[in-house]
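Printed here is final.pdb (PDB, C-alpha atoms):
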```
MODEL        1
ATOM      1  CA  MET A 168     133.235 102.869  70.501
ATOM      2  CA  ASP A 169     129.840 102.545  68.827
ATOM      3  CA  GLN A 170     126.923 103.843  70.860
ATOM      4  CA  ALA A 171     124.459 101.130  71.972
ATOM      5  CA  LEU A 172     121.138 101.226  70.200
ATOM      6  CA  PRO A 173     117.892 101.454  72.185
ATOM      7  CA  ILE A 174     115.821  98.275  72.525
ATOM      8  CA  THR A 175     113.187  99.404  70.045
ATOM      9  CA  ASP A 176     115.825  99.971  67.346
ATOM     10  CA  LEU A 177     117.952  96.856  67.591
ATOM     11  CA  PHE A 178     116.484  95.393  64.419
ATOM     12  CA  ALA A 179     115.377  98.601  62.708
ATOM     13  CA  THR A 180     116.471  99.814  59.289
ATOM     14  CA  ASP A 181     119.042 102.571  59.122
ATOM     15  CA  ALA A 182     116.389 105.137  58.240
ATOM     16  CA  THR A 183     114.193 104.192  61.203
ATOM     17  CA  THR A 184     117.188 104.197  63.534
ATOM     18  CA  GLU A 185     118.265 107.645  62.467
ATOM     19  CA  ALA A 186     114.752 109.002  63.060
ATOM     20  CA  ALA A 187     114.311 107.420  66.479
ATOM     21  CA  ALA A 188     117.787 107.851  67.924
ATOM     22  CA  PRO A 189     117.379 111.469  69.182
ATOM     23  CA  ASN A 190     114.427 110.441  71.396
ATOM     24  CA  ASP A 191     116.152 107.340  72.788
ATOM     25  CA  GLU A 192     119.555 108.672  73.755
ATOM     26  CA  ARG A 193     118.679 108.527  77.445
ATOM     27  CA  ALA A 194     117.595 104.860  77.226
ATOM     28  CA  ALA A 195     120.778 103.963  75.386
ATOM     29  CA  GLY A 196     122.790 105.684  78.085
ATOM     30  CA  TYR A 197     121.290 103.517  80.852
ATOM     31  CA  LEU A 198     121.556 100.103  79.174
ATOM     32  CA  THR A 199     124.603  98.376  77.776
ATOM     33  CA  THR A 200     124.386  96.677  74.410
ATOM     34  CA  GLU A 201     124.331  93.291  76.144
ATOM     35  CA  GLU A 202     121.511  94.377  78.466
ATOM     36  CA  GLN A 203     119.500  95.624  75.503
ATOM     37  CA  LEU A 204     119.910  92.324  73.682
ATOM     38  CA  VAL A 205     118.967  90.275  76.748
ATOM     39  CA  LEU A 206     115.996  92.541  77.435
ATOM     40  CA  ALA A 207     114.791  92.261  73.848
ATOM     41  CA  GLY A 208     114.990  88.475  74.044
ATOM     42  CA  ALA A 209     113.260  88.383  77.425
ATOM     43  CA  ARG A 210     110.446  90.545  76.109
ATOM     44  CA  ALA A 211     110.030  88.079  73.253
ATOM     45  CA  GLY A 212     109.745  85.252  75.784
ATOM     46  CA  ASN A 213     113.063  83.632  74.869
ATOM     47  CA  PRO A 214     113.830  81.113  77.683
ATOM     48  CA  ARG A 215     117.590  81.647  77.449
ATOM     49  CA  ALA A 216     117.222  85.426  77.670
ATOM     50  CA  LEU A 217     114.871  85.105  80.643
ATOM     51  CA  ARG A 218     117.400  82.864  82.382
ATOM     52  CA  GLN A 219     120.198  85.345  81.657
ATOM     53  CA  PHE A 220     118.068  88.167  83.019
ATOM     54  CA  TYR A 221     117.376  86.182  86.185
ATOM     55  CA  GLU A 222     120.987  85.141  86.724
ATOM     56  CA  ALA A 223     122.253  88.682  86.187
ATOM     57  CA  HIS A 224     119.979  90.218  88.810
ATOM     58  CA  GLN A 225     118.906  87.552  91.306
ATOM     59  CA  SER A 226     121.770  88.348  93.719
ATOM     60  CA  GLN A 227     120.737  91.996  93.785
ATOM     61  CA  VAL A 228     117.096  91.127  94.451
ATOM     62  CA  ARG A 229     117.939  88.543  97.110
ATOM     63  CA  GLY A 230     120.328  90.924  98.877
ATOM     64  CA  HIS A 231     117.771  93.741  98.894
ATOM     65  CA  LEU A 232     115.105  91.409 100.293
ATOM     66  CA  TYR A 233     117.482  90.283 103.038
ATOM     67  CA  ARG A 234     118.167  93.887 104.017
ATOM     68  CA  LEU A 235     114.430  94.641 104.079
ATOM     69  CA  LEU A 236     113.213  91.457 105.797
ATOM     70  CA  GLY A 237     116.253  89.920 107.470
ATOM     71  CA  PRO A 238     116.443  86.120 107.587
ATOM     72  CA  ASP A 239     113.120  84.955 106.194
ATOM     73  CA  SER A 240     111.901  81.424 105.552
ATOM     74  CA  GLU A 241     109.953  82.620 102.495
ATOM     75  CA  ILE A 242     112.783  84.506 100.802
ATOM     76  CA  ASP A 243     113.168  81.999  97.930
ATOM     77  CA  ASP A 244     109.469  82.261  97.139
ATOM     78  CA  ILE A 245     109.625  86.060  97.331
ATOM     79  CA  VAL A 246     112.534  86.154  94.879
ATOM     80  CA  GLN A 247     110.455  84.100  92.441
ATOM     81  CA  THR A 248     107.508  86.448  92.936
ATOM     82  CA  VAL A 249     109.666  89.495  92.209
ATOM     83  CA  PHE A 250     110.948  88.023  88.954
ATOM     84  CA  ALA A 251     107.507  86.814  87.915
ATOM     85  CA  ARG A 252     106.273  90.395  88.305
ATOM     86  CA  ALA A 253     109.329  91.773  86.540
ATOM     87  CA  PHE A 254     108.868  89.411  83.571
ATOM     88  CA  ALA A 255     105.196  90.344  83.362
ATOM     89  CA  ALA A 256     106.112  94.054  83.361
ATOM     90  CA  LEU A 257     108.999  93.940  80.861
ATOM     91  CA  ALA A 258     106.854  95.543  78.176
ATOM     92  CA  THR A 259     106.367  98.599  80.393
ATOM     93  CA  PHE A 260     110.076  99.164  81.013
ATOM     94  CA  LYS A 261     110.939 102.368  79.128
ATOM     95  CA  GLY A 262     114.698 102.221  79.491
ATOM     96  CA  ASN A 263     114.839 105.580  81.277
ATOM     97  CA  SER A 264     116.576 104.072  84.307
ATOM     98  CA  ALA A 265     119.013 101.290  85.030
ATOM     99  CA  LEU A 266     117.497  97.828  85.181
ATOM    100  CA  SER A 267     118.748  97.565  88.764
ATOM    101  CA  THR A 268     116.779 100.680  89.733
ATOM    102  CA  TRP A 269     113.637  99.300  88.083
ATOM    103  CA  LEU A 270     114.060  95.979  89.908
ATOM    104  CA  TYR A 271     114.610  97.773  93.223
ATOM    105  CA  ARG A 272     111.191  99.384  92.816
ATOM    106  CA  ILE A 273     109.511  96.061  92.031
ATOM    107  CA  THR A 274     111.301  94.377  94.946
ATOM    108  CA  THR A 275     110.329  97.146  97.344
ATOM    109  CA  ASN A 276     106.682  97.141  96.231
ATOM    110  CA  THR A 277     106.531  93.348  96.520
ATOM    111  CA  THR A 278     107.970  93.557 100.033
ATOM    112  CA  HIS A 279     105.461  96.208 101.059
ATOM    113  CA  ASN A 280     102.611  94.025  99.810
ATOM    114  CA  LEU A 281     103.993  91.014 101.660
ATOM    115  CA  LEU A 282     104.386  92.920 104.924
ATOM    116  CA  ARG A 283     100.855  94.251 104.591
ATOM    117  CA  GLN A 284      99.537  90.711 104.059
ATOM    118  CA  ARG A 285     101.435  89.482 107.110
ATOM    119  CA  PHE A 286     100.136  92.426 109.106
ATOM    120  CA  ARG A 287      96.592  91.483 108.100
ATOM    121  CA  ARG A 288      97.172  87.859 109.058
ATOM    122  CA  ASN A 289      98.431  88.951 112.466
ATOM    123  CA  ARG A 290      95.382  91.177 112.858
ATOM    124  CA  VAL A 291      93.101  88.238 112.062
ATOM    125  CA  LYS A 292      94.938  86.055 114.575
ATOM    126  CA  SER A 293      94.484  88.806 117.123
ATOM    127  CA  ALA A 294      90.797  88.985 116.286
ATOM    128  CA  PHE A 295      90.349  85.231 116.696
ATOM    129  CA  GLN A 296      91.954  85.508 120.111
ATOM    130  CA  TRP A 297      88.760  87.201 121.222
ATOM    131  CA  TRP A 298      86.839  84.020 120.456
ATOM    132  CA  THR A 299      89.277  81.459 121.820
ATOM    133  CA  ASP A 300      90.017  83.188 125.139
ATOM    134  CA  GLY A 301      87.541  82.062 127.726
ATOM    135  CA  ARG A 302      85.485  79.882 125.379
ATOM    136  CA  ASP A 303      84.787  76.190 125.710
ATOM    137  CA  ALA A 304      87.707  73.885 124.953
ATOM    138  CA  HIS A 305      86.021  72.396 121.882
ATOM    139  CA  LEU A 306      86.028  75.792 120.189
ATOM    140  CA  GLN A 307      89.757  76.071 120.686
ATOM    141  CA  THR A 308      90.453  72.840 118.836
ATOM    142  CA  GLY A 309      88.905  73.697 115.474
ATOM    143  CA  ARG A 310      89.621  76.767 113.353
ATOM    144  CA  VAL A 311      86.384  76.295 111.422
ATOM    145  CA  ASP A 312      84.351  76.241 114.648
ATOM    146  CA  VAL A 313      86.175  79.317 115.896
ATOM    147  CA  ARG A 314      85.613  81.173 112.633
ATOM    148  CA  GLY A 315      81.922  80.308 112.681
ATOM    149  CA  GLU A 316      81.615  81.489 116.280
ATOM    150  CA  ALA A 317      83.402  84.713 115.348
ATOM    151  CA  GLU A 318      81.018  85.400 112.472
ATOM    152  CA  ARG A 319      77.977  84.757 114.654
ATOM    153  CA  LEU A 320      79.194  87.082 117.379
ATOM    154  CA  LEU A 321      80.126  89.780 114.872
ATOM    155  CA  GLN A 322      76.507  89.854 113.725
ATOM    156  CA  ARG A 323      75.492  90.803 117.255
ATOM    157  CA  LEU A 324      77.498  94.012 117.066
ATOM    158  CA  ALA A 325      75.835  97.246 116.022
ATOM    159  CA  PRO A 326      76.592  97.894 112.326
ATOM    160  CA  ASP A 327      78.759 100.949 112.993
ATOM    161  CA  LEU A 328      80.880  99.004 115.494
ATOM    162  CA  ARG A 329      81.061  95.901 113.324
ATOM    163  CA  GLU A 330      82.348  97.724 110.244
ATOM    164  CA  VAL A 331      85.176  99.381 112.190
ATOM    165  CA  PHE A 332      86.164  96.094 113.837
ATOM    166  CA  VAL A 333      86.194  94.298 110.459
ATOM    167  CA  PHE A 334      88.162  97.062 108.741
ATOM    168  CA  TYR A 335      90.769  97.085 111.498
ATOM    169  CA  HIS A 336      91.158  93.412 112.398
ATOM    170  CA  TYR A 337      90.246  91.665 109.147
ATOM    171  CA  GLU A 338      91.307  94.129 106.447
ATOM    172  CA  GLY A 339      94.406  95.423 108.267
ATOM    173  CA  LEU A 340      93.533  99.096 107.767
ATOM    174  CA  THR A 341      94.833 101.822 110.048
ATOM    175  CA  LEU A 342      92.540 104.106 112.014
ATOM    176  CA  GLN A 343      93.433 106.915 109.611
ATOM    177  CA  GLU A 344      92.477 104.825 106.580
ATOM    178  CA  ILE A 345      89.185 103.794 108.172
ATOM    179  CA  SER A 346      88.539 107.421 109.013
ATOM    180  CA  GLN A 347      88.911 108.360 105.354
ATOM    181  CA  ILE A 348      86.661 105.531 104.150
ATOM    182  CA  LEU A 349      83.862 106.302 106.610
ATOM    183  CA  ASP A 350      84.372 110.063 106.508
ATOM    184  CA  LYS A 351      84.516 110.136 110.308
ATOM    185  CA  PRO A 352      87.089 111.668 112.666
ATOM    186  CA  VAL A 353      89.886 109.351 113.778
ATOM    187  CA  SER A 354      88.726 109.824 117.373
ATOM    188  CA  THR A 355      85.263 108.508 116.442
ATOM    189  CA  VAL A 356      86.754 105.495 114.683
ATOM    190  CA  GLY A 357      88.983 104.762 117.690
ATOM    191  CA  ASP A 358      86.040 105.040 120.075
ATOM    192  CA  ARG A 359      83.964 102.630 117.956
ATOM    193  CA  LEU A 360      86.805 100.128 117.848
ATOM    194  CA  THR A 361      87.150 100.278 121.633
ATOM    195  CA  ARG A 362      83.414  99.802 122.088
ATOM    196  CA  ALA A 363      83.359  96.927 119.588
ATOM    197  CA  ARG A 364      86.139  95.157 121.473
ATOM    198  CA  LYS A 365      84.407  95.650 124.803
ATOM    199  CA  ARG A 366      81.096  94.396 123.448
ATOM    200  CA  LEU A 367      82.755  91.307 121.931
ATOM    201  CA  HIS A 368      84.624  90.675 125.173
ATOM    202  CA  ASP A 369      81.334  90.740 127.045
ATOM    203  CA  LEU A 370      79.730  88.388 124.506
ATOM    204  CA  VAL A 371      82.658  85.964 124.594
ATOM    205  CA  HIS A 372      82.714  85.791 128.365
ATOM    206  CA  GLY A 373      78.975  85.650 128.768
ATOM    207  CA  ASP A 374      78.652  89.053 130.430
ATOM    208  CA  ALA A 375      76.118  90.356 127.912
TER     209      ALA A 375
ENDMDL
END
```
Would you mind writing the file's structure down as C-alpha cells?
Amino acid sequence: MDQALPITDLFATDATTEAAAPNDERAAGYLTTEEQLVLAGARAGNPRALRQFYEAHQSQVRGHLYRLLGPDSEIDDIVQTVFARAFAALATFKGNSALSTWLYRITTNTTHNLLRQRFRRNRVKSAFQWWTDGRDAHLQTGRVDVRGEAERLLQRLAPDLREVFVFYHYEGLTLQEISQILDKPVSTVGDRLTRARKRLHDLVHGDA
C-alpha cells in the first residue's frame, strides 16, 4: 500500500516530495490520505471540503460537549463555535496529532471559556443582588436603573475595596488571581472583599 503524502506535498513535484518526506513521516502517519485531501481542501476554503470536515467530526465534538456540559440548551451554538474556531485555525494544524485530538483541544478550550463566561455572569447577578435586596420596588423593575444605582454606590467605596469587589464580582477572578494582580496576600484580598460587601450592604440598606 502506498504511504499517504503529507498535506504540504499533495501537489508537489517528485523532487520536492522526496526532499520533504523525511520530515513529514509523523504527519503522514496520523492522517489518512482522505483526511489529508479533505484538510487541504478545507484550508483552501472549499465549501464541499469544509462540509465534509464538519460531517466527519461533528458527532465527536457534540458528544464531548455533552460529556463536559450535560444537557445544555446552547449546545448547537457551541458546536458551531467550535467548528468556526477550528476552521479559522486550520492553517496552524501541523499534522503531528490526529484531527480528533486537535479538535478535542479546541472543544475543551471553548468549553472552558464558556464556563468562565457563565461564571462571570453569575457573579454579576450575585453582585446586582446587593442592589435589589432591600431597595425600593422601582429599582427592582428596571435593569438599567439597578445598574446605575450599582455604579453610583460602587463609587462610594474606598478605591482598594472597590477594585477587589469589581475584580471578584464583575470580572469573575478568583481570590488567588486578584492576589497576583494586586501583589497582595490572599488573606488581604479576602478581607477587602468582606469589607466591601459589608460597606455596600450598609449603603443599600441605609445604615451608612
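Straight-line separation from atom CA of A:Trp269 to atom CA of A:Ala253: 8.8 Å.
For the choices A:Leu198, A:Thr355, A:His368, A:Pro238, the atom-to-atom distance to A:Leu320 is smallest for A:His368 when using all atoms listed in the file.
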Query raised in the report: If you count only C-alpha atoms, which residues fall within 10 Å of A:Gln227, apart from same-chain ones fewer than 6 positions away, as a ChimeraX atom specification?
Result: /A:233,267,270-271,274
Requested in this report: Go through A:Leu367, A:Ala317, A:Leu360, A:Leu349 and flag the residue nearest A:Tyr335, using all atoms listed in the file for the distances.
Outcome: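 So, comparing all the options, the nearest one is A:Leu360.
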Query raised in the report: Quick one, how far is atom CA of A:Ala251 from atom CA of A:Gly212?
Result: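 For atom CA of A:Ala251 relative to atom CA of A:Gly212, the distance reads 12.4 Å.
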Query raised in the report: atom CA of A:Ala209 and atom CA of A:Glu222 are how many Å apart?
Result: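 Result for atom CA of A:Ala209 versus atom CA of A:Glu222: 12.5 Å, one decimal.
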Query raised in the report: What lies within 8 Å of stretch 242-250 of chain A using only C-alpha atoms, ignoring chain neighbours under 6 positions off, as a list in words?
Result: Tyr221, Gln225, Val228, Arg229, Leu232, Tyr233, Ile273, Thr274 and Thr277 of chain A
**Report entry** A:Asp358 environment, 12 Å, only C-alpha atoms, sequence neighbours closer than 5 positions dropped, as an MDAnalysis selection string
**Finding:** chainID A and resid 327:328 331:332 342 346 351:353 363:365
Query - Shortest interatomic distance to A:Asp239 - which of A:Ala207, A:Leu370, A:Leu282, A:Ile345, counting only C-alpha atoms - result: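 Closest to A:Asp239, using only C-alpha atoms: A:Leu282.
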Requested in this report: Find, counting all atoms listed in the file, the residue in A:Ile348, A:Val371, A:Leu206, A:Leu235 that gets nearest to A:Ala265.
Outcome: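 Looking only at the distances to A:Ala265, the closest residue turns out to be A:Leu206.
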